[in-house]
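Raw start05.pdb, PDB, C-alpha atoms:
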```
ATOM      1  CA  MET F   1      48.868 -43.578  -4.080
ATOM      2  CA  SER F   2      45.731 -45.499  -4.946
ATOM      3  CA  PRO F   3      42.925 -42.924  -4.523
ATOM      4  CA  ARG F   4      44.334 -40.372  -6.959
ATOM      5  CA  ALA F   5      43.388 -36.849  -6.029
ATOM      6  CA  HIS F   6      44.831 -33.387  -6.161
ATOM      7  CA  VAL F   7      47.098 -32.535  -3.220
ATOM      8  CA  ALA F   8      46.883 -28.831  -2.411
ATOM      9  CA  SER F   9      50.220 -27.071  -1.945
ATOM     10  CA  VAL F  10      50.945 -25.361   1.372
ATOM     11  CA  ARG F  11      51.521 -22.167  -0.604
ATOM     12  CA  SER F  12      48.041 -22.195  -2.169
ATOM     13  CA  LEU F  13      46.388 -23.033   1.176
ATOM     14  CA  VAL F  14      48.153 -20.227   3.030
ATOM     15  CA  LEU F  15      47.562 -17.720   0.195
ATOM     16  CA  THR F  16      43.845 -18.587   0.202
ATOM     17  CA  TRP F  17      43.717 -18.087   3.957
ATOM     18  CA  GLY F  18      45.540 -14.755   3.664
ATOM     19  CA  ALA F  19      43.050 -13.572   1.046
ATOM     20  CA  LEU F  20      40.141 -14.649   3.281
ATOM     21  CA  MET F  21      41.534 -12.735   6.263
ATOM     22  CA  THR F  22      42.155  -9.653   4.103
ATOM     23  CA  LEU F  23      38.606  -9.731   2.754
ATOM     24  CA  THR F  24      37.248 -10.085   6.312
ATOM     25  CA  ALA F  25      39.203  -6.971   7.327
ATOM     26  CA  LEU F  26      37.898  -5.204   4.211
ATOM     27  CA  THR F  27      34.250  -6.017   4.948
ATOM     28  CA  VAL F  28      34.657  -4.791   8.557
ATOM     29  CA  ALA F  29      36.356  -1.583   7.350
ATOM     30  CA  LEU F  30      33.627  -0.945   4.764
ATOM     31  CA  ALA F  31      30.828  -1.518   7.296
ATOM     32  CA  ASP F  32      30.995   2.124   8.436
ATOM     33  CA  VAL F  33      31.035   3.515   4.903
ATOM     34  CA  PRO F  34      27.472   4.367   3.906
ATOM     35  CA  PHE F  35      26.710   2.837   0.512
ATOM     36  CA  GLY F  36      23.001   3.516   0.990
ATOM     37  CA  ARG F  37      20.943   0.918  -0.793
ATOM     38  CA  PHE F  38      24.106  -0.888  -1.923
ATOM     39  CA  ASP F  39      25.141  -1.816   1.645
ATOM     40  CA  VAL F  40      23.697  -5.304   1.326
ATOM     41  CA  ALA F  41      25.140  -5.790  -2.157
ATOM     42  CA  VAL F  42      28.654  -4.819  -0.997
ATOM     43  CA  ALA F  43      28.515  -7.082   2.092
ATOM     44  CA  LEU F  44      27.088 -10.033   0.131
ATOM     45  CA  GLY F  45      29.506  -9.441  -2.742
ATOM     46  CA  ILE F  46      32.572  -9.669  -0.478
ATOM     47  CA  ALA F  47      31.073 -12.695   1.334
ATOM     48  CA  SER F  48      30.530 -14.399  -2.027
ATOM     49  CA  VAL F  49      34.132 -13.808  -3.108
ATOM     50  CA  LYS F  50      35.208 -15.410   0.195
ATOM     51  CA  ALA F  51      32.797 -18.297  -0.341
ATOM     52  CA  ALA F  52      34.207 -18.841  -3.850
ATOM     53  CA  LEU F  53      37.767 -18.915  -2.460
ATOM     54  CA  VAL F  54      36.810 -21.502   0.184
ATOM     55  CA  GLY F  55      34.971 -23.603  -2.409
ATOM     56  CA  LEU F  56      37.608 -23.450  -5.144
ATOM     57  CA  SER F  57      40.672 -23.894  -2.952
ATOM     58  CA  PHE F  58      39.839 -25.538   0.398
ATOM     59  CA  MET F  59      37.026 -27.688  -1.014
ATOM     60  CA  HIS F  60      39.072 -28.642  -4.109
ATOM     61  CA  LEU F  61      36.438 -27.495  -6.623
ATOM     62  CA  ARG F  62      39.150 -25.927  -8.808
ATOM     63  CA  HIS F  63      40.726 -29.334  -9.396
ATOM     64  CA  GLU F  64      37.837 -31.737  -9.113
ATOM     65  CA  GLY F  65      34.762 -29.721 -10.058
ATOM     66  CA  GLY F  66      32.405 -31.682 -12.284
ATOM     67  CA  MET F  67      29.576 -33.310 -10.399
ATOM     68  CA  HIS F  68      30.450 -31.634  -7.090
ATOM     69  CA  ALA F  69      30.334 -28.145  -8.572
ATOM     70  CA  LEU F  70      27.125 -29.004 -10.430
ATOM     71  CA  ALA F  71      25.459 -30.157  -7.189
ATOM     72  CA  LEU F  72      26.515 -26.966  -5.414
ATOM     73  CA  LEU F  73      25.452 -24.666  -8.259
ATOM     74  CA  LEU F  74      22.036 -26.347  -8.452
ATOM     75  CA  ALA F  75      21.604 -25.841  -4.696
ATOM     76  CA  LEU F  76      22.561 -22.163  -5.032
ATOM     77  CA  PHE F  77      20.114 -21.745  -7.905
ATOM     78  CA  PHE F  78      17.276 -23.161  -5.791
ATOM     79  CA  VAL F  79      18.246 -20.950  -2.833
ATOM     80  CA  PHE F  80      18.167 -17.940  -5.173
ATOM     81  CA  ALA F  81      14.744 -18.935  -6.522
ATOM     82  CA  PHE F  82      13.411 -19.639  -3.018
ATOM     83  CA  VAL F  83      14.521 -16.336  -1.490
ATOM     84  CA  SER F  84      13.726 -14.093  -4.469
ATOM     85  CA  ILE F  85      10.251 -15.531  -5.134
ATOM     86  CA  THR F  86       9.427 -15.311  -1.409
ATOM     87  CA  LEU F  87      10.562 -11.663  -1.349
ATOM     88  CA  LEU F  88       8.481 -10.842  -4.445
ATOM     89  CA  ASP F  89       5.461 -12.477  -2.861
ATOM     90  CA  HIS F  90       6.082 -10.680   0.414
ATOM     91  CA  ALA F  91       6.270  -7.306  -1.356
ATOM     92  CA  GLU F  92       3.063  -8.059  -3.227
ATOM     93  CA  TYR F  93       1.044  -8.767  -0.072
ATOM     94  CA  ARG F  94       2.770  -6.278   2.175
ATOM     95  CA  PRO F  95       0.040  -3.557   2.149
ATOM     96  CA  ASP F  96      -2.636  -6.092   3.151
ATOM     97  CA  VAL F  97      -0.477  -7.529   5.904
ATOM     98  CA  GLU F  98       0.369  -4.091   7.298
ATOM     99  CA  GLU F  99      -3.277  -3.059   7.315
ATOM    100  CA  ARG F 100      -4.185  -6.211   9.207
ATOM    101  CA  VAL F 101      -1.352  -5.725  11.716
ATOM    102  CA  GLU F 102      -2.475  -2.136  12.390
ATOM    103  CA  ASP F 103      -6.046  -3.403  12.923
ATOM    104  CA  LEU F 104      -4.898  -5.959  15.469
ATOM    105  CA  ARG F 105      -2.641  -3.528  17.261
ATOM    106  CA  TYR F 106      -5.084  -0.648  17.747
ATOM    107  CA  ARG F 107      -8.326  -2.535  18.087
TER
ATOM    108  CA  MET I   1      42.505 -52.963  -4.532
ATOM    109  CA  SER I   2      44.932 -51.169  -6.751
ATOM    110  CA  ARG I   3      48.658 -51.766  -6.570
ATOM    111  CA  GLY I   4      50.684 -50.560  -3.641
ATOM    112  CA  ALA I   5      47.745 -50.177  -1.268
ATOM    113  CA  GLY I   6      48.554 -50.264   2.418
ATOM    114  CA  ALA I   7      47.102 -52.601   5.012
ATOM    115  CA  ALA I   8      44.857 -49.880   6.404
ATOM    116  CA  ALA I   9      43.318 -49.241   2.993
ATOM    117  CA  GLU I  10      42.673 -52.980   2.624
ATOM    118  CA  ARG I  11      41.086 -53.116   6.060
ATOM    119  CA  PHE I  12      38.755 -50.143   5.549
ATOM    120  CA  LEU I  13      37.664 -50.966   2.007
ATOM    121  CA  ALA I  14      33.943 -51.775   2.049
ATOM    122  CA  HIS I  15      33.204 -54.957   0.102
ATOM    123  CA  HIS I  16      30.853 -53.233  -2.360
ATOM    124  CA  PHE I  17      33.602 -50.975  -3.744
ATOM    125  CA  GLU I  18      36.074 -51.961  -6.453
ATOM    126  CA  ASP I  19      39.019 -50.215  -4.801
ATOM    127  CA  GLY I  20      40.032 -47.292  -2.631
ATOM    128  CA  GLU I  21      39.613 -44.795  -5.443
ATOM    129  CA  HIS I  22      36.053 -45.969  -6.060
ATOM    130  CA  GLN I  23      35.247 -45.732  -2.348
ATOM    131  CA  LEU I  24      36.712 -42.231  -2.093
ATOM    132  CA  ALA I  25      34.807 -40.936  -5.148
ATOM    133  CA  ALA I  26      31.502 -42.359  -3.879
ATOM    134  CA  GLY I  27      32.073 -40.937  -0.403
ATOM    135  CA  LYS I  28      32.920 -37.520  -1.795
ATOM    136  CA  LEU I  29      29.845 -37.339  -3.993
ATOM    137  CA  GLY I  30      27.712 -38.479  -1.049
ATOM    138  CA  THR I  31      29.238 -35.767   1.131
ATOM    139  CA  TRP I  32      28.540 -33.119  -1.513
ATOM    140  CA  ILE I  33      24.904 -34.212  -1.768
ATOM    141  CA  PHE I  34      24.689 -33.931   2.027
ATOM    142  CA  LEU I  35      26.197 -30.432   1.820
ATOM    143  CA  VAL I  36      23.535 -29.497  -0.736
ATOM    144  CA  THR I  37      20.809 -30.485   1.746
ATOM    145  CA  GLU I  38      22.601 -28.405   4.379
ATOM    146  CA  VAL I  39      22.659 -25.360   2.093
ATOM    147  CA  LEU I  40      18.921 -25.726   1.461
ATOM    148  CA  PHE I  41      18.307 -26.322   5.184
ATOM    149  CA  PHE I  42      20.054 -23.067   6.144
ATOM    150  CA  SER I  43      18.387 -21.207   3.271
ATOM    151  CA  GLY I  44      15.052 -21.330   5.148
ATOM    152  CA  LEU I  45      16.552 -19.130   7.855
ATOM    153  CA  PHE I  46      18.294 -16.885   5.324
ATOM    154  CA  CYS I  47      14.917 -16.451   3.629
ATOM    155  CA  ALA I  48      13.294 -15.555   6.970
ATOM    156  CA  PHE I  49      16.098 -13.043   7.520
ATOM    157  CA  ALA I  50      15.459 -11.441   4.106
ATOM    158  CA  VAL I  51      11.690 -11.218   4.609
ATOM    159  CA  PHE I  52      11.823  -9.830   8.155
ATOM    160  CA  ARG I  53      14.607  -7.424   7.297
ATOM    161  CA  SER I  54      12.723  -6.027   4.321
ATOM    162  CA  ALA I  55       9.594  -5.630   6.473
ATOM    163  CA  HIS I  56      11.384  -4.091   9.489
ATOM    164  CA  PRO I  57      14.613  -2.396   8.362
ATOM    165  CA  GLU I  58      14.707  -0.165  11.487
ATOM    166  CA  VAL I  59      14.526  -3.218  13.772
ATOM    167  CA  PHE I  60      17.469  -4.860  11.986
ATOM    168  CA  ALA I  61      19.566  -1.686  12.015
ATOM    169  CA  TRP I  62      18.942  -1.319  15.757
ATOM    170  CA  GLY I  63      19.538  -5.024  16.411
ATOM    171  CA  ALA I  64      22.836  -5.113  14.523
ATOM    172  CA  ALA I  65      23.988  -2.124  16.571
ATOM    173  CA  GLN I  66      23.464  -4.203  19.751
ATOM    174  CA  LEU I  67      25.957  -6.840  18.556
ATOM    175  CA  ASP I  68      29.711  -6.503  19.010
ATOM    176  CA  PRO I  69      31.342  -6.550  15.539
ATOM    177  CA  ALA I  70      34.789  -7.005  17.136
ATOM    178  CA  LEU I  71      33.778 -10.340  18.683
ATOM    179  CA  GLY I  72      32.108 -11.351  15.412
ATOM    180  CA  ALA I  73      35.232 -10.449  13.420
ATOM    181  CA  VAL I  74      37.518 -12.349  15.820
ATOM    182  CA  ASN I  75      35.245 -15.376  15.507
ATOM    183  CA  THR I  76      35.412 -15.115  11.717
ATOM    184  CA  GLY I  77      39.217 -15.178  11.953
ATOM    185  CA  VAL I  78      39.119 -18.164  14.320
ATOM    186  CA  LEU I  79      36.914 -20.118  11.899
ATOM    187  CA  LEU I  80      39.114 -19.183   8.927
ATOM    188  CA  VAL I  81      42.200 -20.469  10.780
ATOM    189  CA  SER I  82      40.328 -23.701  11.526
ATOM    190  CA  SER I  83      39.407 -24.050   7.844
ATOM    191  CA  LEU I  84      43.063 -23.619   6.891
ATOM    192  CA  THR I  85      44.222 -26.273   9.374
ATOM    193  CA  MET I  86      41.421 -28.620   8.262
ATOM    194  CA  ALA I  87      42.422 -28.249   4.585
ATOM    195  CA  TRP I  88      46.036 -28.766   5.670
ATOM    196  CA  ALA I  89      44.984 -31.908   7.565
ATOM    197  CA  VAL I  90      43.651 -33.360   4.299
ATOM    198  CA  ARG I  91      47.001 -32.603   2.640
ATOM    199  CA  CYS I  92      48.889 -34.262   5.528
ATOM    200  CA  ALA I  93      46.683 -37.359   5.311
ATOM    201  CA  GLN I  94      47.151 -37.544   1.520
ATOM    202  CA  LEU I  95      50.928 -37.373   1.931
ATOM    203  CA  GLY I  96      51.063 -39.730   4.907
ATOM    204  CA  GLN I  97      52.361 -37.054   7.294
ATOM    205  CA  THR I  98      50.850 -38.561  10.440
ATOM    206  CA  ARG I  99      52.327 -36.095  12.904
ATOM    207  CA  GLY I 100      51.185 -33.103  10.822
ATOM    208  CA  LEU I 101      47.720 -34.639  10.527
ATOM    209  CA  ARG I 102      47.377 -34.934  14.307
ATOM    210  CA  ILE I 103      48.611 -31.372  14.869
ATOM    211  CA  CYS I 104      46.266 -29.936  12.225
ATOM    212  CA  LEU I 105      43.261 -31.782  13.620
ATOM    213  CA  ALA I 106      44.111 -30.711  17.175
ATOM    214  CA  VAL I 107      44.442 -27.037  16.131
ATOM    215  CA  THR I 108      41.126 -27.270  14.263
ATOM    216  CA  LEU I 109      39.480 -28.642  17.417
ATOM    217  CA  LEU I 110      41.000 -25.842  19.518
ATOM    218  CA  CYS I 111      39.673 -23.211  17.106
ATOM    219  CA  ALA I 112      36.205 -24.774  17.118
ATOM    220  CA  GLY I 113      36.237 -24.659  20.926
ATOM    221  CA  ALA I 114      37.445 -21.042  20.903
ATOM    222  CA  PHE I 115      34.649 -20.114  18.505
ATOM    223  CA  LEU I 116      32.012 -21.558  20.829
ATOM    224  CA  ALA I 117      33.643 -19.939  23.873
ATOM    225  CA  ILE I 118      33.471 -16.494  22.234
ATOM    226  CA  LYS I 119      29.898 -17.217  21.110
ATOM    227  CA  SER I 120      28.882 -18.129  24.659
ATOM    228  CA  VAL I 121      30.304 -14.817  25.953
ATOM    229  CA  GLU I 122      28.142 -13.028  23.395
ATOM    230  CA  TYR I 123      25.065 -15.081  24.299
ATOM    231  CA  ALA I 124      25.607 -14.355  28.004
ATOM    232  CA  HIS I 125      25.683 -10.599  27.302
ATOM    233  CA  LYS I 126      22.491 -10.755  25.279
ATOM    234  CA  TRP I 127      20.826 -12.842  27.986
ATOM    235  CA  HIS I 128      21.894 -10.360  30.651
ATOM    236  CA  ASP I 129      20.593  -7.393  28.635
ATOM    237  CA  GLY I 130      17.264  -9.094  27.932
ATOM    238  CA  LEU I 131      17.959  -9.109  24.199
ATOM    239  CA  LEU I 132      16.087 -12.339  23.587
ATOM    240  CA  PRO I 133      13.544 -13.685  21.097
ATOM    241  CA  GLY I 134       9.773 -13.329  21.348
ATOM    242  CA  ARG I 135       8.157 -12.679  24.703
ATOM    243  CA  TYR I 136      11.473 -13.015  26.536
ATOM    244  CA  PHE I 137      12.649  -9.761  24.982
ATOM    245  CA  ALA I 138      13.063  -7.329  27.902
ATOM    246  CA  GLU I 139      14.641  -4.131  26.582
ATOM    247  CA  ALA I 140      12.245  -1.184  26.973
ATOM    248  CA  ASP I 141      14.275   1.307  24.928
ATOM    249  CA  ALA I 142      13.939  -0.487  21.602
ATOM    250  CA  PRO I 143      11.956  -0.047  18.383
ATOM    251  CA  LEU I 144       8.626  -1.836  18.029
ATOM    252  CA  ASP I 145       9.032  -5.588  17.286
ATOM    253  CA  ALA I 146      12.778  -5.508  18.063
ATOM    254  CA  HIS I 147      12.457  -9.062  19.401
ATOM    255  CA  LEU I 148      12.215 -10.221  15.752
ATOM    256  CA  PHE I 149      15.899  -9.492  15.181
ATOM    257  CA  PHE I 150      16.903 -11.584  18.163
ATOM    258  CA  GLY I 151      14.638 -14.430  17.106
ATOM    259  CA  ILE I 152      16.532 -14.476  13.797
ATOM    260  CA  TYR I 153      19.912 -13.911  15.486
ATOM    261  CA  PHE I 154      19.548 -16.761  17.967
ATOM    262  CA  GLY I 155      17.911 -19.011  15.375
ATOM    263  CA  MET I 156      20.688 -18.584  12.813
ATOM    264  CA  THR I 157      23.713 -18.469  15.111
ATOM    265  CA  GLY I 158      22.189 -21.238  17.246
ATOM    266  CA  LEU I 159      21.730 -23.581  14.293
ATOM    267  CA  HIS I 160      25.238 -22.715  13.146
ATOM    268  CA  GLY I 161      26.522 -23.386  16.696
ATOM    269  CA  VAL I 162      24.899 -26.827  16.665
ATOM    270  CA  HIS I 163      26.808 -27.499  13.441
ATOM    271  CA  VAL I 164      30.054 -26.419  15.128
ATOM    272  CA  LEU I 165      29.283 -28.833  18.000
ATOM    273  CA  ALA I 166      28.692 -31.651  15.509
ATOM    274  CA  GLY I 167      31.951 -30.673  13.811
ATOM    275  CA  ILE I 168      33.803 -30.923  17.129
ATOM    276  CA  ALA I 169      32.398 -34.424  17.626
ATOM    277  CA  VAL I 170      33.483 -35.686  14.184
ATOM    278  CA  ILE I 171      36.891 -33.972  14.271
ATOM    279  CA  ALA I 172      37.536 -35.527  17.704
ATOM    280  CA  TRP I 173      36.635 -38.890  16.156
ATOM    281  CA  LEU I 174      39.090 -38.197  13.304
ATOM    282  CA  LEU I 175      41.810 -37.248  15.788
ATOM    283  CA  ARG I 176      41.287 -40.501  17.679
ATOM    284  CA  ARG I 177      41.572 -42.481  14.447
ATOM    285  CA  ALA I 178      44.598 -40.426  13.341
ATOM    286  CA  ILE I 179      46.343 -41.213  16.637
ATOM    287  CA  ARG I 180      45.526 -44.893  16.049
ATOM    288  CA  GLY I 181      47.223 -44.522  12.652
ATOM    289  CA  ASP I 182      44.230 -45.316  10.437
ATOM    290  CA  PHE I 183      44.925 -42.682   7.774
ATOM    291  CA  GLY I 184      47.500 -42.508   5.012
ATOM    292  CA  PRO I 185      47.869 -41.903   1.286
ATOM    293  CA  ASP I 186      45.788 -45.005   0.527
ATOM    294  CA  TYR I 187      42.978 -44.220   2.933
ATOM    295  CA  TYR I 188      42.036 -40.695   3.933
ATOM    296  CA  GLY I 189      38.371 -40.450   2.862
ATOM    297  CA  PRO I 190      36.923 -39.605   6.293
ATOM    298  CA  VAL I 191      39.390 -36.707   6.729
ATOM    299  CA  ASP I 192      38.381 -35.365   3.316
ATOM    300  CA  PHE I 193      34.618 -35.709   3.998
ATOM    301  CA  VAL I 194      34.749 -34.085   7.439
ATOM    302  CA  ALA I 195      36.886 -31.282   5.967
ATOM    303  CA  LEU I 196      34.209 -30.585   3.329
ATOM    304  CA  TYR I 197      31.572 -30.407   6.073
ATOM    305  CA  TRP I 198      33.765 -28.127   8.178
ATOM    306  CA  HIS I 199      34.346 -25.753   5.247
ATOM    307  CA  LEU I 200      30.571 -25.538   4.768
ATOM    308  CA  VAL I 201      30.155 -24.551   8.439
ATOM    309  CA  ASP I 202      32.767 -21.858   7.745
ATOM    310  CA  LEU I 203      30.891 -20.775   4.595
ATOM    311  CA  VAL I 204      27.634 -20.295   6.500
ATOM    312  CA  TRP I 205      29.438 -18.088   9.017
ATOM    313  CA  ILE I 206      31.066 -16.091   6.175
ATOM    314  CA  TYR I 207      27.526 -14.983   5.256
ATOM    315  CA  LEU I 208      26.125 -14.751   8.798
ATOM    316  CA  PHE I 209      28.827 -12.377  10.057
ATOM    317  CA  PRO I 210      28.227  -9.436   7.676
ATOM    318  CA  LEU I 211      24.452  -9.966   7.536
ATOM    319  CA  LEU I 212      23.932  -9.948  11.307
ATOM    320  CA  TYR I 213      26.787  -7.807  12.627
ATOM    321  CA  LEU I 214      27.666  -5.300   9.933
ATOM    322  CA  LEU I 215      24.549  -4.230   8.022
TER
END
```
Go ahead and render the structure in this file as structure tokens.
Amino acid sequence: MSPRAHVASVRSLVLTWGALMTLTALTVALADVPFGRFDVAVALGIASVKAALVGLSFMHLRHEGGMHALALLLALFFVFAFVSITLLDHAEYRPDVEERVEDLRYR
Amino acid sequence: MSRGAGAAAERFLAHHFEDGEHQLAAGKLGTWIFLVTEVLFFSGLFCAFAVFRSAHPEVFAWGAAQLDPALGAVNTGVLLVSSLTMAWAVRCAQLGQTRGLRICLAVTLLCAGAFLAIKSVEYAHKWHDGLLPGRYFAEADAPLDAHLFFGIYFGMTGLHGVHVLAGIAVIAWLLRRAIRGDFGPDYYGPVDFVALYWHLVDLVWIYLFPLLYLL
């Protein structure tokens, strides 16, 4: 075999898939449980475990991480910075925006 | 070309690469960089989701209640099956199992088609009920600004759907080449690259499903 790469075993592929299906069932089952302000955290937490499984197993990151994992982690860091800074900014200006919206609506 | 390379590998080796291994590594890194741009591309919509949801939590709670979590869950399962068969296709190509490769690619295509079919049923319902973005929103018994949720819903699932369509096109291309017998242990790069793309499409849906349907 000239391009040497890791060949995933059928067992690991099927086990990964089984775990993904189980976690999907879990997130659906937990949807009706009220976690209050932790609802989003629970849903995103389970989704992230699933994402990690897909990345590590199906996308071979467990066996050939290195540059590929670095590229992905950098992207995730920038997404985190993008969304969190935007949310902070949004919270900061929210009273002004709401006042303006009320003005426009009831003028 | 390294020792023992097949004729196909020889034929598909671009002249600027040392050997098949070099070509595969370059292609993989290129694909990952493309996936990074895709992640950042989708993050704009995820950011819009976060901002609008924090500003209008009641709209998003009402909107999510209008979606059918059963259809969303079935679609998640369909995509997960397609990810499994796509990962299995890479394994088949690496081991030179040509028949397995064709079957895996065909099942992946079927799942992608099933996903879009289920999605179109959902879209038709929303269209019928007037649950549409912006000024096309036509449901009287809804909270103020409820159209925002459907702007986000159609924007995110629509962009994801376009990615599924693109996936169908490239997987069909792979299937055609697999039937022609292009792929084997010495040359399977395109299968690997398309699989990475397809797993990313699956990853986006893994986040979209709970955010839109379940919260």
* Which residue, I:Tyr188, I:Phe17, I:Trp88, I:Phe34, has the smallest gap to Ser12 (chain F) when you use all atoms listed in the file? -> I:Trp88
* Do you know which residues lie at most 9 Å from (24.4, -28.5, 11.5), with coordinates as in the file and only C-alpha atoms counted, and could you write them as a PyMOL selection string? -> chain I and resi 38+42+159-167+201
* Kindly indicate which residue among I:Ala114, I:Val81, I:Ala138, I:Leu132 lies nearest to chain F, using all atoms listed in the file for the distances. =>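 Counting all atoms listed in the file, the residue closest to chain F is I:Val81.
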* Asked: CA of Leu144 (chain I) to CA of Leu104 (chain F): how many Å, to one decimal?
  ->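 Computing the Euclidean distance for CA of Leu144 (chain I) and CA of Leu104 (chain F) yields 14.4 Å.
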* Find the residues of chain I in contact range of chain F, meaning any atom within 7 Å when counting all atoms listed in the file, and list them as a ChimeraX atom specification. => /I:2,5,20-21,24,29,32-33,36,39-40,43,47,51,77,80,84,87,91,94,185-186,196,203,206-207,210,214-215
* Please indicate the distance in Å from CA of Thr98 (chain I) to CA of Ile179 (chain I), rounded to one decimal place. => 8.1 Å
Just so the selection is clear, what residues does the PyMOL selection byres ((chain I and resi 145-149) around 10) cover here, as a PDB file with C-alpha atoms, in the frame of the given file?
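Below is the file that was written, selection_27.pdb:
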```
ATOM      1  CA  PHE I  49      16.098 -13.043   7.520  1.00  0.00           C
ATOM      2  CA  PHE I  52      11.823  -9.830   8.155  1.00  0.00           C
ATOM      3  CA  ARG I  53      14.607  -7.424   7.297  1.00  0.00           C
ATOM      4  CA  HIS I  56      11.384  -4.091   9.489  1.00  0.00           C
ATOM      5  CA  PRO I  57      14.613  -2.396   8.362  1.00  0.00           C
ATOM      6  CA  GLU I  58      14.707  -0.165  11.487  1.00  0.00           C
ATOM      7  CA  VAL I  59      14.526  -3.218  13.772  1.00  0.00           C
ATOM      8  CA  PHE I  60      17.469  -4.860  11.986  1.00  0.00           C
ATOM      9  CA  ALA I  61      19.566  -1.686  12.015  1.00  0.00           C
ATOM     10  CA  TRP I  62      18.942  -1.319  15.757  1.00  0.00           C
ATOM     11  CA  GLY I  63      19.538  -5.024  16.411  1.00  0.00           C
ATOM     12  CA  ALA I  64      22.836  -5.113  14.523  1.00  0.00           C
ATOM     13  CA  GLY I 130      17.264  -9.094  27.932  1.00  0.00           C
ATOM     14  CA  LEU I 131      17.959  -9.109  24.199  1.00  0.00           C
ATOM     15  CA  LEU I 132      16.087 -12.339  23.587  1.00  0.00           C
ATOM     16  CA  PRO I 133      13.544 -13.685  21.097  1.00  0.00           C
ATOM     17  CA  GLY I 134       9.773 -13.329  21.348  1.00  0.00           C
ATOM     18  CA  ARG I 135       8.157 -12.679  24.703  1.00  0.00           C
ATOM     19  CA  TYR I 136      11.473 -13.015  26.536  1.00  0.00           C
ATOM     20  CA  PHE I 137      12.649  -9.761  24.982  1.00  0.00           C
ATOM     21  CA  ALA I 138      13.063  -7.329  27.902  1.00  0.00           C
ATOM     22  CA  GLU I 139      14.641  -4.131  26.582  1.00  0.00           C
ATOM     23  CA  ALA I 140      12.245  -1.184  26.973  1.00  0.00           C
ATOM     24  CA  ASP I 141      14.275   1.307  24.928  1.00  0.00           C
ATOM     25  CA  ALA I 142      13.939  -0.487  21.602  1.00  0.00           C
ATOM     26  CA  PRO I 143      11.956  -0.047  18.383  1.00  0.00           C
ATOM     27  CA  LEU I 144       8.626  -1.836  18.029  1.00  0.00           C
ATOM     28  CA  PHE I 150      16.903 -11.584  18.163  1.00  0.00           C
ATOM     29  CA  GLY I 151      14.638 -14.430  17.106  1.00  0.00           C
ATOM     30  CA  ILE I 152      16.532 -14.476  13.797  1.00  0.00           C
ATOM     31  CA  TYR I 153      19.912 -13.911  15.486  1.00  0.00           C
ATOM     32  CA  PHE I 154      19.548 -16.761  17.967  1.00  0.00           C
ATOM     33  CA  GLY I 155      17.911 -19.011  15.375  1.00  0.00           C
ATOM     34  CA  LEU I 212      23.932  -9.948  11.307  1.00  0.00           C
TER      35      LEU I 212
END
```
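Across the structure, CA of Thr108 (chain I) and CA of Leu45 (chain I) are spaced 26.7 Å apart.
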* To do: Show which residues sit within 12 Å of Glu122 (chain I), as a PyMOL selection string. Count only C-alpha atoms, and ignore same-chain residues fewer than 2 positions away.
  => chain I and resi 66-72+75+115-120+124-129+131+153-154+157-158
* Write out as a PyMOL selection string the residues lying within 8 Å of Ala172 (chain I), counting only C-alpha atoms and excluding same-chain residues fewer than 3 positions away. => chain I and resi 105+109+168-169+175-176
* **Which residue of I:Asp19, I:Cys111, I:Arg11, I:Gly27 approaches Asp182 (chain I) most closely, using only C-alpha atoms** =>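 Closest to Asp182 (chain I) of all the choices is I:Arg11.
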Writing N, CA and C atoms and nothing else, produce region 55-64 of chain F as a compact mmCIF listing (two decimals), in the first residue's frame.
```txt
# COMPACT_ATOMS: atom_id res chain seq x y z
N GLY F 55 -15.47 13.31 14.66
CA GLY F 55 -14.13 13.81 14.31
C GLY F 55 -13.04 12.78 14.58
N LEU F 56 -13.07 12.20 15.79
CA LEU F 56 -11.98 11.29 16.18
C LEU F 56 -12.03 9.98 15.42
N SER F 57 -13.23 9.44 15.20
CA SER F 57 -13.33 8.13 14.56
C SER F 57 -13.52 8.23 13.06
N PHE F 58 -14.67 8.78 12.62
CA PHE F 58 -14.97 8.82 11.18
C PHE F 58 -13.97 9.67 10.40
N MET F 59 -13.53 10.78 11.01
CA MET F 59 -12.63 11.69 10.29
C MET F 59 -11.16 11.42 10.61
N HIS F 60 -10.90 10.30 11.25
CA HIS F 60 -9.54 9.78 11.50
C HIS F 60 -8.66 10.66 12.38
N LEU F 61 -9.24 11.63 13.12
CA LEU F 61 -8.36 12.53 13.88
C LEU F 61 -7.60 11.78 14.98
N ARG F 62 -8.18 10.66 15.47
CA ARG F 62 -7.52 9.91 16.54
C ARG F 62 -6.18 9.36 16.06
N HIS F 63 -6.12 9.01 14.77
CA HIS F 63 -4.90 8.36 14.26
C HIS F 63 -4.02 9.28 13.43
N GLU F 64 -4.59 10.34 12.91
CA GLU F 64 -3.74 11.24 12.12
C GLU F 64 -4.06 12.68 12.45
```
